[in-house]
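Raw data14.txt, compact mmCIF, C-alpha atoms:
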```
# COMPACT_ATOMS: atom_id res chain seq x y z
CA MET U 1 5.43 -80.83 73.02
CA THR U 2 7.64 -80.92 76.06
CA THR U 3 9.55 -77.87 77.25
CA ALA U 4 13.04 -78.36 78.68
CA THR U 5 13.80 -76.22 81.72
CA ASN U 6 17.13 -75.55 83.46
CA ARG U 7 17.18 -76.42 87.11
CA THR U 8 19.73 -75.25 89.62
CA THR U 9 20.34 -78.04 92.06
CA SER U 10 21.64 -77.26 95.51
CA LEU U 11 22.19 -79.19 98.68
CA PRO U 12 19.40 -79.18 101.19
CA ALA U 13 19.84 -76.64 103.97
CA PRO U 14 20.55 -79.25 106.67
CA LEU U 15 23.31 -80.86 104.56
CA ALA U 16 24.87 -77.48 103.74
CA ALA U 17 24.87 -76.53 107.43
CA ALA U 18 26.42 -79.87 108.32
CA GLY U 19 29.14 -79.33 105.70
CA ARG U 20 30.01 -75.93 107.13
CA SER U 21 30.14 -77.40 110.61
CA VAL U 22 32.50 -80.16 109.45
CA ALA U 23 34.74 -77.58 107.75
CA ARG U 24 34.87 -75.46 110.90
CA ALA U 25 35.63 -78.53 113.00
CA GLY U 26 38.41 -79.50 110.59
CA ARG U 27 40.01 -76.07 110.89
CA VAL U 28 39.83 -76.24 114.66
CA VAL U 29 41.37 -79.73 114.73
CA TRP U 30 44.16 -78.71 112.34
CA GLY U 31 44.84 -75.64 114.46
CA LEU U 32 45.45 -77.97 117.39
CA VAL U 33 47.21 -80.82 115.56
CA GLY U 34 49.08 -78.78 112.93
CA PRO U 35 51.84 -77.47 115.21
CA VAL U 36 52.46 -80.99 116.51
CA VAL U 37 52.63 -82.41 112.98
CA ARG U 38 55.08 -79.68 111.91
CA ALA U 39 57.24 -80.25 114.98
CA VAL U 40 57.33 -84.00 114.33
CA TRP U 41 58.17 -83.42 110.68
CA ARG U 42 61.07 -81.13 111.62
CA ILE U 43 62.49 -84.07 113.56
CA LEU U 44 61.63 -86.92 111.17
CA GLY U 45 62.17 -85.00 107.90
CA PRO U 46 65.99 -85.02 108.02
CA ILE U 47 65.92 -88.68 109.07
CA LEU U 48 63.65 -89.76 106.23
CA ALA U 49 65.66 -87.65 103.76
CA VAL U 50 68.60 -90.06 104.01
CA VAL U 51 66.52 -92.81 102.36
CA THR U 52 67.07 -92.79 98.60
CA PRO U 53 64.47 -93.89 96.02
CA VAL U 54 66.27 -97.24 95.91
CA GLY U 55 65.90 -97.50 99.68
CA TRP U 56 62.17 -96.80 99.54
CA LEU U 57 61.81 -99.42 96.81
CA VAL U 58 63.61 -101.98 98.98
CA LEU U 59 61.32 -101.20 101.93
CA VAL U 60 58.19 -101.50 99.80
CA VAL U 61 59.27 -104.84 98.28
CA ALA U 62 60.22 -106.13 101.73
CA ALA U 63 56.86 -105.11 103.17
CA VAL U 64 54.93 -106.68 100.28
CA SER U 65 56.98 -109.89 100.50
CA LEU U 66 56.43 -110.26 104.25
CA GLY U 67 52.73 -109.51 103.78
CA LEU U 68 52.38 -112.25 101.16
CA SER U 69 54.35 -114.61 103.35
CA PHE U 70 52.07 -113.90 106.31
CA ALA U 71 48.89 -114.24 104.22
CA PHE U 72 49.76 -117.37 102.21
CA GLY U 73 52.62 -118.91 104.13
CA TRP U 74 55.06 -118.75 101.19
CA GLN U 75 58.52 -119.30 102.58
CA GLU U 76 60.21 -117.85 99.48
CA PHE U 77 58.68 -114.45 100.20
CA THR U 78 59.62 -114.80 103.86
CA TYR U 79 63.25 -115.22 102.82
CA LEU U 80 63.11 -112.36 100.31
CA GLY U 81 61.48 -109.93 102.73
CA THR U 82 63.83 -110.83 105.56
CA VAL U 83 66.96 -110.44 103.43
CA LEU U 84 65.87 -107.05 102.07
CA LEU U 85 64.92 -105.75 105.48
CA ALA U 86 68.20 -107.00 106.99
CA ALA U 87 70.18 -105.34 104.19
CA PHE U 88 68.40 -102.06 104.86
CA VAL U 89 69.08 -102.24 108.59
CA LEU U 90 72.74 -103.10 108.04
CA GLY U 91 73.03 -100.17 105.63
CA THR U 92 72.17 -97.74 108.42
CA VAL U 93 75.49 -98.60 110.09
CA PHE U 94 77.34 -96.72 107.34
CA LEU U 95 75.52 -93.48 108.21
CA PHE U 96 76.99 -93.04 111.66
CA GLY U 97 80.15 -91.12 112.43
CA ARG U 98 81.30 -87.52 112.59
CA ALA U 99 83.24 -85.75 109.89
CA SER U 100 85.58 -82.81 110.46
CA TYR U 101 86.80 -81.63 107.09
CA GLY U 102 88.17 -78.29 106.01
CA VAL U 103 87.56 -77.87 102.29
CA ASP U 104 89.01 -75.15 100.07
CA ILE U 105 87.93 -74.83 96.41
CA GLU U 106 90.08 -72.83 94.00
CA LEU U 107 89.59 -72.06 90.32
CA ASN U 108 92.50 -70.85 88.22
CA PRO U 109 91.77 -68.61 86.49
CA ARG U 110 88.37 -67.34 87.66
CA ARG U 111 87.58 -65.84 84.25
CA VAL U 112 88.25 -67.45 80.88
CA VAL U 113 87.13 -67.07 77.28
CA VAL U 114 85.06 -69.75 75.61
CA GLY U 115 87.33 -72.66 74.74
CA ASP U 116 90.17 -71.73 77.09
CA ARG U 117 91.41 -74.23 79.62
CA ALA U 118 90.26 -73.85 83.22
CA MET U 119 91.50 -75.99 86.08
CA GLY U 120 90.15 -76.40 89.59
CA ARG U 121 91.74 -77.50 92.83
CA MET U 122 90.07 -78.88 95.91
CA VAL U 123 92.09 -79.21 99.11
CA VAL U 124 90.58 -81.33 101.88
CA THR U 125 92.07 -81.22 105.40
CA ASN U 126 91.19 -83.23 108.48
CA VAL U 127 90.77 -80.41 110.98
CA GLY U 128 89.57 -82.66 113.80
CA GLN U 129 91.41 -84.56 116.53
CA ARG U 130 90.44 -88.04 115.32
CA ALA U 131 91.35 -90.06 112.26
CA LEU U 132 88.68 -90.17 109.56
CA PRO U 133 87.79 -93.28 107.56
CA PRO U 134 87.81 -93.33 103.75
CA THR U 135 84.91 -91.45 102.25
CA ARG U 136 83.56 -90.17 98.97
CA MET U 137 83.56 -86.46 98.22
CA GLU U 138 81.26 -85.03 95.52
CA LEU U 139 81.83 -81.65 93.94
CA PRO U 140 79.10 -80.19 91.68
CA VAL U 141 80.69 -78.40 88.71
CA GLY U 142 78.05 -76.76 86.57
CA ALA U 143 75.58 -79.43 85.50
CA GLY U 144 77.99 -82.29 86.31
CA ILE U 145 79.41 -83.79 89.47
CA ALA U 146 83.07 -84.64 90.06
CA GLU U 147 83.58 -87.56 92.45
CA PHE U 148 86.71 -88.12 94.53
CA GLN U 149 87.48 -91.07 96.74
CA LEU U 150 89.31 -89.78 99.81
CA PRO U 151 91.61 -92.16 101.75
CA ALA U 152 91.67 -92.50 105.53
CA MET U 153 93.04 -89.26 106.95
CA LYS U 154 94.85 -88.67 110.21
CA PRO U 155 94.48 -85.35 112.05
CA LYS U 156 95.97 -82.47 110.03
CA ASP U 157 96.35 -84.67 106.93
CA GLU U 158 95.74 -82.89 103.65
CA GLN U 159 94.47 -84.31 100.38
CA GLU U 160 94.64 -82.38 97.10
CA GLU U 161 92.38 -83.16 94.14
CA LEU U 162 92.55 -81.52 90.70
CA PHE U 163 89.72 -81.28 88.19
CA ALA U 164 89.08 -79.71 84.81
CA VAL U 165 86.17 -77.36 84.14
CA PRO U 166 84.45 -77.54 80.73
CA THR U 167 84.48 -74.14 79.01
CA ASN U 168 82.98 -74.94 75.63
CA LYS U 169 80.04 -72.58 76.19
CA ARG U 170 79.57 -69.07 77.56
CA ALA U 171 78.16 -69.39 81.07
CA VAL U 172 78.62 -68.85 84.78
CA ILE U 173 79.81 -72.22 86.07
CA VAL U 174 79.34 -72.81 89.78
CA ALA U 175 81.77 -75.18 91.48
CA GLY U 176 80.65 -76.40 94.88
CA PRO U 177 79.68 -76.70 97.57
CA ALA U 178 81.58 -79.93 98.16
CA GLU U 179 79.71 -82.75 99.87
CA SER U 180 81.10 -85.65 101.87
CA VAL U 181 78.86 -88.66 101.30
CA ARG U 182 78.21 -91.52 103.70
CA GLY U 183 76.05 -94.48 102.74
CA ASP U 184 75.83 -98.17 101.90
CA GLN U 185 77.31 -99.70 98.77
CA ILE U 186 73.91 -100.50 97.26
CA GLY U 187 72.72 -96.90 97.42
CA MET U 188 69.71 -97.34 99.70
CA LEU U 189 70.86 -94.70 102.18
CA ARG U 190 72.77 -91.48 101.65
CA ARG U 191 73.91 -88.86 104.15
CA ALA U 192 75.62 -85.81 102.66
CA LEU U 193 77.28 -82.94 104.49
CA LYS U 194 78.14 -79.71 102.69
CA TRP U 195 81.57 -78.12 103.02
CA ALA U 196 82.93 -74.79 101.74
CA ASP U 197 81.11 -72.16 99.71
CA PRO U 198 80.50 -72.38 95.97
CA VAL U 199 82.90 -70.60 93.62
CA ASP U 200 81.90 -68.99 90.30
CA LEU U 201 83.80 -69.39 87.05
CA PHE U 202 82.91 -66.85 84.36
CA VAL U 203 83.24 -68.14 80.80
CA HIS U 204 83.30 -64.94 78.75
CA PRO U 205 82.16 -64.71 75.13
CA ARG U 206 84.67 -64.36 72.33
CA THR U 207 85.42 -60.73 71.49
CA VAL U 208 87.52 -58.84 68.97
CA ARG U 209 89.50 -55.66 69.58
CA LEU U 210 88.14 -52.59 67.81
CA ALA U 211 89.95 -49.37 66.99
CA PRO U 212 89.58 -46.48 69.46
CA SER U 213 86.37 -44.49 68.97
CA ALA U 214 85.14 -47.43 66.95
CA ALA U 215 81.62 -46.94 68.18
CA GLY U 216 81.23 -44.14 65.66
CA LEU U 217 80.76 -41.44 68.31
CA VAL U 218 81.68 -37.77 68.06
CA ARG U 219 84.11 -37.50 70.95
CA ASP U 220 85.75 -34.31 72.10
CA LEU U 221 86.37 -32.50 75.35
CA GLU U 222 83.30 -30.27 75.00
CA GLY U 223 80.89 -33.07 74.16
CA GLN U 224 78.52 -33.48 71.24
CA VAL U 225 76.73 -30.40 69.93
CA SER U 226 72.93 -30.67 69.67
CA LYS U 227 70.39 -28.43 67.94
CA LYS U 228 68.90 -27.20 71.21
CA ILE U 229 69.56 -23.50 71.98
CA THR U 230 70.51 -22.52 75.53
CA ASN U 231 71.64 -19.39 77.36
CA ASN U 232 74.70 -20.92 78.98
CA ASP U 233 77.07 -23.40 77.34
CA ILE U 234 80.28 -23.53 75.31
CA ALA U 235 79.33 -23.74 71.61
CA PHE U 236 78.46 -20.18 70.45
CA HIS U 237 75.37 -19.88 68.26
CA ALA U 238 74.25 -16.25 67.82
CA LEU U 239 73.48 -12.90 69.50
CA ARG U 240 70.06 -11.71 70.65
CA PRO U 241 68.71 -8.62 72.45
CA TYR U 242 69.08 -8.51 76.21
CA VAL U 243 65.99 -9.26 78.32
CA PRO U 244 65.67 -8.76 82.07
CA GLY U 245 67.06 -11.76 83.93
CA ASP U 246 69.85 -12.57 81.46
CA ASP U 247 73.27 -13.18 82.93
CA ARG U 248 75.31 -10.06 82.30
CA ARG U 249 78.41 -12.18 81.91
CA ASN U 250 76.98 -13.21 78.53
CA VAL U 251 76.62 -9.62 77.27
CA HIS U 252 78.67 -9.02 74.13
CA TRP U 253 79.91 -5.49 74.94
CA ARG U 254 81.62 -4.74 71.67
CA THR U 255 78.50 -5.42 69.61
CA SER U 256 76.30 -3.65 72.17
CA ALA U 257 78.46 -0.50 71.95
CA ARG U 258 78.39 -0.55 68.14
CA ILE U 259 74.59 -0.81 67.74
CA GLY U 260 73.59 1.01 70.94
CA GLN U 261 71.64 -1.93 72.38
CA LEU U 262 72.58 -4.64 74.85
CA MET U 263 73.14 -7.96 73.07
CA VAL U 264 73.78 -11.31 74.77
CA ARG U 265 75.29 -14.53 73.48
CA GLN U 266 73.22 -17.65 72.71
CA PHE U 267 74.74 -21.12 72.68
CA GLU U 268 74.07 -24.53 71.24
CA GLU U 269 73.65 -27.09 74.00
CA THR U 270 76.43 -29.62 74.17
CA ARG U 271 76.32 -32.97 75.85
CA ARG U 272 78.70 -35.78 76.48
CA SER U 273 78.37 -38.75 74.16
CA GLN U 274 75.92 -41.30 75.58
CA LEU U 275 75.59 -44.73 73.96
CA THR U 276 72.69 -47.13 74.48
CA ILE U 277 72.92 -50.69 73.16
CA ILE U 278 69.59 -52.49 72.85
CA HIS U 279 70.31 -56.21 72.67
CA ALA U 280 67.28 -58.36 71.84
CA THR U 281 67.48 -61.82 73.45
CA ARG U 282 64.12 -63.25 72.39
CA ASP U 283 64.79 -66.80 71.23
CA ASP U 284 62.51 -66.63 68.16
CA LEU U 285 64.62 -63.79 66.72
CA TYR U 286 67.62 -66.11 66.23
CA ALA U 287 68.01 -69.03 63.85
CA SER U 288 70.31 -71.04 66.15
CA ASP U 289 72.22 -71.00 69.42
CA GLU U 290 75.41 -70.23 67.49
CA GLU U 291 73.80 -67.12 66.02
CA PHE U 292 72.72 -66.00 69.50
CA GLU U 293 76.28 -66.43 70.76
CA LEU U 294 77.59 -64.40 67.81
CA ALA U 295 75.22 -61.56 68.74
CA ILE U 296 76.48 -61.63 72.33
CA SER U 297 80.06 -61.44 71.04
CA VAL U 298 79.18 -58.47 68.83
CA THR U 299 77.64 -56.56 71.72
CA ALA U 300 80.48 -57.44 74.09
CA SER U 301 83.15 -56.39 71.57
CA ILE U 302 81.55 -52.99 70.97
CA ALA U 303 80.87 -52.42 74.66
CA ALA U 304 84.42 -53.30 75.66
CA GLN U 305 85.88 -50.70 73.31
CA VAL U 306 83.35 -48.05 74.37
CA ILE U 307 84.29 -48.58 78.01
CA ARG U 308 87.99 -48.28 77.14
CA ASP U 309 87.22 -45.01 75.33
CA GLY U 310 85.57 -43.66 78.48
CA THR U 311 82.19 -43.05 76.86
CA GLN U 312 79.05 -43.32 78.97
CA MET U 313 77.06 -46.39 77.99
CA ASN U 314 74.06 -48.54 78.88
CA ILE U 315 73.23 -52.03 77.62
CA VAL U 316 69.71 -53.37 77.97
CA SER U 317 68.12 -56.71 77.18
CA GLU U 318 64.76 -58.23 78.06
CA SER U 319 66.09 -59.37 81.44
CA GLY U 320 67.24 -55.86 82.45
CA VAL U 321 70.22 -53.48 82.35
CA TRP U 322 73.74 -54.93 82.22
CA LYS U 323 76.39 -53.85 84.70
CA THR U 324 78.98 -51.91 82.70
CA PRO U 325 81.30 -49.89 84.98
CA THR U 326 84.32 -51.85 83.76
CA VAL U 327 85.12 -54.22 80.91
CA THR U 328 85.34 -57.16 83.32
CA SER U 329 81.97 -56.46 84.94
CA MET U 330 80.38 -56.07 81.51
CA LEU U 331 81.77 -59.42 80.36
CA ASP U 332 80.64 -61.01 83.62
CA ALA U 333 77.14 -59.66 82.98
CA SER U 334 77.17 -61.04 79.43
CA CYS U 335 77.75 -64.54 80.85
CA ARG U 336 74.36 -64.39 82.55
CA VAL U 337 72.38 -63.50 79.41
CA ASP U 338 70.28 -66.36 78.04
CA PRO U 339 67.61 -66.60 75.34
CA VAL U 340 64.16 -65.76 76.67
CA GLY U 341 60.59 -66.18 75.53
CA ARG U 342 58.17 -63.43 74.57
CA ILE U 343 58.30 -61.31 77.73
CA PHE U 344 57.09 -58.18 75.91
CA PRO U 345 54.47 -58.05 73.14
CA SER U 346 56.96 -56.60 70.65
CA VAL U 347 60.58 -55.56 70.23
CA ARG U 348 59.48 -51.92 70.34
CA ALA U 349 57.67 -52.46 73.64
CA PHE U 350 60.77 -54.09 75.10
CA ALA U 351 63.04 -51.23 73.97
CA ARG U 352 60.65 -48.56 75.25
CA GLU U 353 60.26 -50.18 78.68
CA ARG U 354 63.97 -50.84 79.24
CA THR U 355 65.20 -47.41 78.08
CA LYS U 356 62.55 -45.06 79.47
CA ARG U 357 64.52 -44.46 82.70
CA LEU U 358 67.89 -44.03 80.99
CA ALA U 359 69.58 -40.81 79.91
CA ASN U 360 68.82 -39.59 76.40
CA PRO U 361 71.43 -41.22 74.14
CA SER U 362 73.43 -39.62 71.37
CA VAL U 363 73.88 -43.01 69.69
CA VAL U 364 71.58 -46.05 69.80
CA MET U 365 72.74 -49.46 68.65
CA ILE U 366 70.20 -52.25 68.12
CA VAL U 367 71.49 -55.83 68.04
CA GLY U 368 69.24 -58.65 66.82
CA GLY U 369 69.25 -61.97 65.02
CA SER U 370 68.51 -63.00 61.45
CA ARG U 371 64.79 -63.41 62.20
CA MET U 372 64.45 -59.84 63.45
CA SER U 373 62.73 -57.94 60.63
CA THR U 374 63.54 -54.51 59.25
CA GLN U 375 60.20 -53.37 60.66
CA ASP U 376 61.35 -54.39 64.14
CA TYR U 377 64.50 -52.27 63.78
CA ARG U 378 62.48 -49.33 62.42
CA SER U 379 60.00 -49.57 65.29
CA VAL U 380 62.84 -49.22 67.80
CA GLN U 381 64.37 -46.39 65.77
CA SER U 382 61.13 -44.40 66.06
CA LEU U 383 61.52 -44.21 69.85
CA PHE U 384 64.43 -41.77 69.58
CA GLY U 385 64.66 -38.25 68.23
CA GLN U 386 66.45 -36.90 65.18
CA ASP U 387 69.47 -35.82 67.24
CA THR U 388 70.19 -39.48 68.01
CA SER U 389 72.23 -41.58 65.61
CA LYS U 390 70.78 -45.08 65.11
CA VAL U 391 72.74 -48.16 64.07
CA ALA U 392 71.30 -51.66 63.65
CA PHE U 393 73.49 -54.77 63.84
CA HIS U 394 71.71 -57.53 61.96
CA VAL U 395 73.46 -60.74 63.06
CA GLU U 396 73.08 -63.56 60.55
CA LEU U 397 75.51 -66.43 60.93
CA GLY U 398 77.49 -67.02 57.75
CA ALA U 399 76.02 -64.03 55.89
CA GLN U 400 78.15 -61.70 53.78
CA ALA U 401 79.25 -58.63 55.71
CA LYS U 402 77.68 -55.44 54.42
CA LEU U 403 76.86 -51.90 55.45
CA GLY U 404 73.67 -50.13 54.31
CA SER U 405 71.17 -47.47 55.26
CA ILE U 406 67.36 -47.37 55.43
CA ALA U 407 65.57 -44.07 56.13
CA GLY U 408 68.19 -42.74 58.51
CA LEU U 409 68.92 -46.12 60.06
CA THR U 410 72.39 -47.53 59.42
CA VAL U 411 72.14 -51.32 59.04
CA ILE U 412 75.24 -53.51 59.48
CA THR U 413 74.97 -57.19 58.60
CA VAL U 414 77.41 -59.33 60.60
CA GLY U 415 78.01 -62.94 59.55
CA SER U 416 81.24 -63.55 61.43
CA LEU U 417 82.88 -61.93 64.43
CA GLU U 418 86.07 -61.38 62.44
CA ASP U 419 84.13 -59.04 60.10
CA LEU U 420 83.18 -56.64 62.91
CA PRO U 421 86.35 -54.46 63.04
CA SER U 422 86.21 -53.61 59.33
CA LEU U 423 82.45 -52.99 59.46
CA VAL U 424 82.80 -50.58 62.37
CA ARG U 425 85.68 -48.76 60.61
CA GLY U 426 83.31 -48.30 57.67
CA LEU U 427 80.75 -46.82 60.06
CA GLN U 428 83.18 -44.04 60.98
CA GLN U 429 83.89 -43.04 57.42
```
If you took the structure in this file and wrote it as structure tokens, what would it be?
Amino acid sequence: MTTATNRTTSLPAPLAAAGRSVARAGRVVWGLVGPVVRAVWRILGPILAVVTPVGWLVLVVAAVSLGLSFAFGWQEFTYLGTVLLAAFVLGTVFLFGRASYGVDIELNPRRVVVGDRAMGRMVVTNVGQRALPPTRMELPVGAGIAEFQLPAMKPKDEQEELFAVPTNKRAVIVAGPAESVRGDQIGMLRRALKWADPVDLFVHPRTVRLAPSAAGLVRDLEGQVSKKITNNDIAFHALRPYVPGDDRRNVHWRTSARIGQLMVRQFEETRRSQLTIIHATRDDLYASDEEFELAISVTASIAAQVIRDGTQMNIVSESGVWKTPTVTSMLDASCRVDPVGRIFPSVRAFARERTKRLANPSVVMIVGGSRMSTQDYRSVQSLFGQDTSKVAFHVELGAQAKLGSIAGLTVITVGSLEDLPSLVRGLQQ
């Protein structure tokens, strides 16, 4: 019988020492050569950047053709390599020249609703003292690029170009910066100069107008009464015997005189209505992109009315807290919300993390898609106390609108944005 044994192989000591010496020598050499290489690259990098992939392909084919011609004496490859190399060299002529443009990009309007028309205007002026040859101007608009062919321009000449901006989807569309492009007609070389700063176009989600106080909040000048007892507030609760340290302004003198003992007032703590909207944006909680957009519209519609009512509010999603000082800023923030992956292990973990630094709410609204289970809503509900009203908006595209309740959690099913006003009116009743 033979016994197998495990052996740990290692380099002999002399080889290991030689390897360490080589590594140290390499670090020393790079420490001396590295700064030179970086300095050379700072000079050559911008120069090599003007060569496009087509240009590199032309250079490679030219080099291979001339190599074959030199090795085998094939005149056909000599001709091919020479022509390609000459074309590349001639193309460099188109790169030279100075440009002096003044570019102004305008979007009108800067904020639109999904589907509305948005137009842009680019004004190019020759601000230099010399005439400029015809050139091509490229303007990135969102994921696309608008191209304009500018004519020759004398000093102070102005050229106006109009363009349409697609607004078929909620987004923040960036227009610019504009680039003037110089290069050959084949596309081997390209030199682009940026002009002007980019301009943002906010494509807001569709919203519906809700009735005042439509968020279902108890709104009055004193605030919302809670069950917490305090010694100093507005809502009177009861009388109790005086103890040292009580504010004598709260002594009820008439009762004290009648029973022969000092009695002081107790109050129920009041607080101003505070709304927190928890908007889940995890992509696996929604059946489609259209359903996700409907959920955004639901949240934006409710938030817009709450802001108009002057109620304090926070909106949170997996990516963070929305900016909500005004209706416009809230809608701008909604344009930046996109579906995300599983950032948190559960919906409850997400809600706990994003709301733990916020003020205690009097009303919590939870917005989720058709694939968000009742258990998910209940798990978020358990994070808040009994004094907090909880409402769940279950967004299911095309579903029948309905209003129900599960163990203290009001559940509203929204299948269409047009159903929201009537559903929220039912919440108030």
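Checking U:Thr328, U:Gln185, U:Gln266, U:Ser65 one by one against Phe202 (chain U), counting all atoms listed in the file, you find the shortest gap at U:Thr328.
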- Item | Contacts of Glu291 (chain U) at 12 Å (all atoms listed in the file; same-chain gap of 6+ positions) as JSON, numbers by chain | {"U": [281, 283, 284, 285, 297, 298, 339, 367, 368, 369, 370, 371, 394, 395, 396, 397, 398, 399, 414, 415, 416, 417]}
Once 4 Å is added on each side, what are the centre and the three edge lengths, in Å to one decimal, of the axis-aligned box enclosing the listed atoms of region 356-361 of chain U? Present them as lines of an AutoDock Vina configuration file.
```
center_x = 67.0
center_y = -42.3
center_z = 78.4
size_x = 16.9
size_y = 13.5
size_z = 16.6
```
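We find CA of Met365 (chain U) and CA of Leu427 (chain U) to be spaced 12.0 Å apart.
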- Using only C-alpha atoms, determine which residues lie at most 12 Å from Ile145 (chain U), disregarding the query and same-chain residues fewer than 3 positions distant; provide the list as number ranges by chain. U: 137-142, 148, 163-166, 174-179
- Note on the structure: Closest of U:Ile43, U:Ile406, U:Ala280, U:Val364 to Ser346 (chain U), counting all atoms listed in the file, is U:Ala280
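Proximity ranking of U:Gln386, U:Ser317, U:Thr255, U:Gln274 relative to Ala238 (chain U) places U:Thr255 first, based on only C-alpha atoms.
Between CA of Ala17 (chain U) and CA of Val33 (chain U) the separation is 24.2 Å.
The closest residue to Gly310 (chain U), picked from U:Thr82, U:Asn126, U:Ser273, U:Asn108 and counting all atoms listed in the file, is U:Ser273.
Put simply, CA of Ser405 (chain U) is 16.9 Å away from CA of Leu420 (chain U).
If all atoms listed in the file are the atoms counted, then among U:Tyr101, U:Trp253, U:Trp74, U:Tyr377 the closest residue to Lys194 (chain U) is U:Tyr101.
Neighbours of Met122 (chain U) closer than or equal to 8 Å, with only C-alpha atoms counted and sequence neighbours fewer than 3 positions away skipped, come out as Val103, Asp104, Ile105, Glu106, Glu160, Glu161 and Leu162 of chain U.
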Please return, as an mmCIF file with C-alpha atoms, in the frame of the given file, all polymer residues that have at least one atom within 12 Å of the point (69.0, -40.9, 80.8); use only C-alpha atoms and the file's own coordinate frame.
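Written file, part.cif:
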```cif
data_model
loop_
_atom_site.group_PDB
_atom_site.id
_atom_site.type_symbol
_atom_site.label_atom_id
_atom_site.label_comp_id
_atom_site.auth_asym_id
_atom_site.auth_seq_id
_atom_site.Cartn_x
_atom_site.Cartn_y
_atom_site.Cartn_z
ATOM 1 C CA ARG U 271 76.320 -32.970 75.850
ATOM 2 C CA ARG U 272 78.700 -35.780 76.480
ATOM 3 C CA SER U 273 78.370 -38.750 74.160
ATOM 4 C CA GLN U 274 75.920 -41.300 75.580
ATOM 5 C CA LEU U 275 75.590 -44.730 73.960
ATOM 6 C CA THR U 276 72.690 -47.130 74.480
ATOM 7 C CA GLN U 312 79.050 -43.320 78.970
ATOM 8 C CA MET U 313 77.060 -46.390 77.990
ATOM 9 C CA ASN U 314 74.060 -48.540 78.880
ATOM 10 C CA ARG U 354 63.970 -50.840 79.240
ATOM 11 C CA THR U 355 65.200 -47.410 78.080
ATOM 12 C CA LYS U 356 62.550 -45.060 79.470
ATOM 13 C CA ARG U 357 64.520 -44.460 82.700
ATOM 14 C CA LEU U 358 67.890 -44.030 80.990
ATOM 15 C CA ALA U 359 69.580 -40.810 79.910
ATOM 16 C CA ASN U 360 68.820 -39.590 76.400
ATOM 17 C CA PRO U 361 71.430 -41.220 74.140
ATOM 18 C CA SER U 362 73.430 -39.620 71.370
#
```
- Item | Best match for closeness to Gly55 (chain U) among U:Leu239, U:Leu68, U:Ala87, U:Leu32, counting only C-alpha atoms | U:Ala87
Kindly provide, as a PDB file with C-alpha atoms, in the coordinates of the input, the polymer residues lying within 12 Å of (62.5, -47.6, 62.6), counting all atoms listed in the file and using the coordinates exactly as they appear in the file.
```pdb
ATOM      1  CA  VAL U 347      60.580 -55.560  70.230  1.00  0.00           C
ATOM      2  CA  ARG U 348      59.480 -51.920  70.340  1.00  0.00           C
ATOM      3  CA  ALA U 351      63.040 -51.230  73.970  1.00  0.00           C
ATOM      4  CA  VAL U 364      71.580 -46.050  69.800  1.00  0.00           C
ATOM      5  CA  ILE U 366      70.200 -52.250  68.120  1.00  0.00           C
ATOM      6  CA  SER U 373      62.730 -57.940  60.630  1.00  0.00           C
ATOM      7  CA  THR U 374      63.540 -54.510  59.250  1.00  0.00           C
ATOM      8  CA  GLN U 375      60.200 -53.370  60.660  1.00  0.00           C
ATOM      9  CA  ASP U 376      61.350 -54.390  64.140  1.00  0.00           C
ATOM     10  CA  TYR U 377      64.500 -52.270  63.780  1.00  0.00           C
ATOM     11  CA  ARG U 378      62.480 -49.330  62.420  1.00  0.00           C
ATOM     12  CA  SER U 379      60.000 -49.570  65.290  1.00  0.00           C
ATOM     13  CA  VAL U 380      62.840 -49.220  67.800  1.00  0.00           C
ATOM     14  CA  GLN U 381      64.370 -46.390  65.770  1.00  0.00           C
ATOM     15  CA  SER U 382      61.130 -44.400  66.060  1.00  0.00           C
ATOM     16  CA  LEU U 383      61.520 -44.210  69.850  1.00  0.00           C
ATOM     17  CA  PHE U 384      64.430 -41.770  69.580  1.00  0.00           C
ATOM     18  CA  GLY U 385      64.660 -38.250  68.230  1.00  0.00           C
ATOM     19  CA  GLN U 386      66.450 -36.900  65.180  1.00  0.00           C
ATOM     20  CA  SER U 389      72.230 -41.580  65.610  1.00  0.00           C
ATOM     21  CA  LYS U 390      70.780 -45.080  65.110  1.00  0.00           C
ATOM     22  CA  VAL U 391      72.740 -48.160  64.070  1.00  0.00           C
ATOM     23  CA  ALA U 392      71.300 -51.660  63.650  1.00  0.00           C
ATOM     24  CA  SER U 405      71.170 -47.470  55.260  1.00  0.00           C
ATOM     25  CA  ILE U 406      67.360 -47.370  55.430  1.00  0.00           C
ATOM     26  CA  ALA U 407      65.570 -44.070  56.130  1.00  0.00           C
ATOM     27  CA  GLY U 408      68.190 -42.740  58.510  1.00  0.00           C
ATOM     28  CA  LEU U 409      68.920 -46.120  60.060  1.00  0.00           C
ATOM     29  CA  THR U 410      72.390 -47.530  59.420  1.00  0.00           C
ATOM     30  CA  VAL U 411      72.140 -51.320  59.040  1.00  0.00           C
TER      31      VAL U 411
END
```
- Item | Spatial neighbours of Thr135 (chain U), 9 Å, only C-alpha atoms, chain gap at least 6 places, as a PyMOL selection string | chain U and resi 148-152+180-182
- Query: Can you tell me, as number ranges by chain, what residues are no more than 12 Å from Leu331 (chain U) when counting only C-alpha atoms, ignoring any on the same chain fewer than 5 positions away?
  - Reply: U: 111-114, 170-172, 202-207, 296-305, 307, 315, 322-326, 336-337
